[in-house]
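*Asks:* Here it is, the structure, as structure tokens.
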Amino acid sequence: MDSKEYIDVYTDGACSGNPGKGGWGVYIEIEGKIETISGSESETTNNRMELVAVIRALEYFDKGKKLNLFTDSKYVMDGINSWILKWKSNNWKTSKKELVKNRDLWERLDELKELHTISWRWVKGHEGNYGNEQADYLATSAIK
């Protein structure tokens with residue numbers, strides 16, 4: 001896999017209070033150019049904002065892109081790469097037989113991930129990764 005043909009996409013979500021006012025941010029490096037998108041919701045949770053950031057990132061692109069998708073959210077990484085298969089087979093219930101939180105967003109993300117070739121990459125937040133820091137800045141700025 002030649003990483004040069006992949007577009008680098010960094011996503012992050014933030015919340016002031018949990019629940020509270022939230023923001024999401026997407027920082028994109030594409031063909032030497034920078035593109036950003038962000039937004040907010042008045043009453044939400046941090047996990048929802050993490051998911052919305054990834055969803056908005058995937059919706060941003062036409063079908064068939066090759067993406068390196070970076071997130072600092074273990075919730076997103078574990079959910080999309082592991083948990084979702086079990087949730088779907090258990091009729092959207094957790095191993096504790098509880099309803100999956102944020103099912104609406106997980107279902108949308110599940111649809112969108114099929115439209116692209118995605119290399120899911122976890123990065124540690126607030127550790128100096130430039131793209132992650134920019135996505136965080138966009139998310140926290142969107143709250144204000």
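Starting from 1 in every chain, residues are counted up; chains themselves are A, B, ... following the order of the structure tokens, and ligands are numbered from 1 as listed.
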Hey, what does DSSP flag as strand (DSSP E or B) within segment 59-135 of chain A? Can you give it to me as a PyMOL selection string?

*Replies:* chain A and resi 66-71+93+99+117-122

*Asks:* With only C-alpha atoms as the basis for distance, which of A:Asn47, A:Asn129, A:Ser40, A:Asn68 is at the shortest distance from Trp106 of chain A?

*Replies:*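 Answer, going by the shortest atom-to-atom distance: A:Asn47.
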
*Asks:* So, with only C-alpha atoms as the atoms that count, which of A:His126, A:Lys66, A:Arg121, A:Lys101 lies closest to Asn81 of chain A?

*Replies:*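 Checking each candidate against Asn81 of chain A, we get A:Arg121 as the closest.
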
*Asks:* In segment 21-102 of chain A, what's alpha helix (DSSP H) per DSSP? Answer as a list in words?

*Replies:*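 Of segment 21-102 of chain A, the ones in alpha helix (DSSP H) are Asn46, Asn47, Arg48, Met49, Glu50, Leu51, Val52, Ala53, Val54, Ile55, Arg56, Ala57, Leu58, Glu59, Tyr60, Lys74, Tyr75, Val76, Met77, Asp78, Ile84, Leu85, Lys86, Trp87, Lys88 and Ser89 of chain A.
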
*Asks:* For Asn46 of chain A, which residue among A:Gly79, A:Gly20, A:Gly32, A:Gly128 is the nearest when counting only C-alpha atoms?

*Replies:*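 Among the listed residues, the smallest separation from Asn46 of chain A belongs to A:Gly20.
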
*Asks:* Please identify all polymer residues within 12 Å of Ile34 of chain A, counting only C-alpha atoms, omitting same-chain residues fewer than 2 positions from it, and present them as a ChimeraX atom specification.

*Replies:* /A:7-10,26-32,36-37,131,134-135

*Asks:* Go through A:Glu98, A:Asp110, A:Asp104, A:Asp62 one by one, measure the shortest atom-to-atom distance of each to Ile80 of chain A using only C-alpha atoms, and give the residue with the smallest value.

*Replies:*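 Nearest candidate to Ile80 of chain A out of A:Glu98, A:Asp110, A:Asp104, A:Asp62: A:Asp110.
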